[in-house]
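Below is one structure, written out as structure tokens; comments come after it.
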Amino acid sequence: MTTADVHSGTYAKRRGELEVYFDRTAVDGWKKLVTDEKVSRIRQTVREGRDAMRATMLSYLPDDLTGWRVLDAGCGSGVATFELARRGADVVGVDLSEQMIGFARERLAEIERYRPFEARVTFEAGDMLADRGRFDAVFAMDSLIHYRTEDAVSAIAKLAGRTDRKLVFTVAPRTAMLAAMHAVGQLFPRGDRSPGIEPVAPRRLADLLLARPDMTDWRVGQTHRVARGFYISQAMEVMR
């Protein structure tokens with residue numbers, strides 16, 4: 001039995017929780033983060049952190065992606081999707097939330113600077129691990145941070161099996177602040193909780209990933225942590 005088989009149940013359970021949360025509870029809040037609309041001070045730090053992280057992850061990929069096919073796994077409103085397409089890639093943006101996918105499609109059609117890329121962008125609602133053919137690269141910003149280390153490792157390996165060049169993704173690094181936030185979140189009534197992040201040790205995740213027999217031709221590349229107020233995330237890359 002493979003690691004993916006062992007942990008498929010816990011991955012599926014968390015995926016279902018995320019789908020409900022982002023599609024029914026939090027979609028309006030996430031939409032605001034990609035606009036110029038005024039938000040609370042806490043959300044502003046999240047906006048700034050996500051902008052910095054997106055720029056960091058995009059810097060791990062070539063400026064010219066002509067001829068590349070890229071999966072934006074957990075694309076949300078499509079901000080990174082559009083930049084990848086602007087660089088010349090054919091991009092498939094996938095998100096669990098049908099509402100966020102609808103919002104991304106609206107932005108693609110309505111925002112003038114995105115229209116030249118329309119032919120190179122496809123948006124789909126669904127599981128990021130579903131088989132959509134082969135890709136040159138996978139871009140997964142903050143889409144794995146809700147899963148346990150073992151499930152994240154299995155997910156990355158599954159994506160790597162369909163990727164020819166590079167995966168760029170984030171994890172929630174195990175820090176004292178994140179551990180405290182996670183603990184406080186468990187005190188709220190179950191119905192009021194958002195799906196919590198799962199802090200991991202990046203080095204342990206990398207070791208577990210490269211120890212898999214299906215990852216022997218991969219190596220770990222750059223890593224960088226972004227911390228802006230209530231946003232903490234760590235970018236990582238693995239490549240052939």
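Chain labels run A, B, ... following the order of the structure tokens; each chain numbers its residues from 1, and ligands are numbered from 1 in the order shown.
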*Name the residues of stretch 2-240 of chain A that come out as strand (DSSP E or B) in a backbone DSSP run; write them as a PyMOL selection string.*
chain A and resi 69-73+90-95+121-125+135-140+163-171+173+200+219-228+231-239
*DSSP says alpha helix (DSSP H) for which residues of stretch 25-147 of chain A? Put them as a ChimeraX atom specification?*
/A:27-33,41-59,79-86,98-110
_Shell around A:Leu167 at 6 Å using only C-alpha atoms, local window under 3 positions removed, as a ChimeraX atom specification_ = /A:137-138,237-238
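Residues within 6 Å of A:Thr170, counting only C-alpha atoms and excluding same-chain residues fewer than 3 positions away, are Met141, Asp142, Gln234, Ala235 and Met236 of chain A.
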*Find the residue from A:Pro62, A:Gly49, A:Pro116, A:Gly29 that sits nearest to A:Ser77; use only C-alpha atoms when measuring.*
A:Gly29
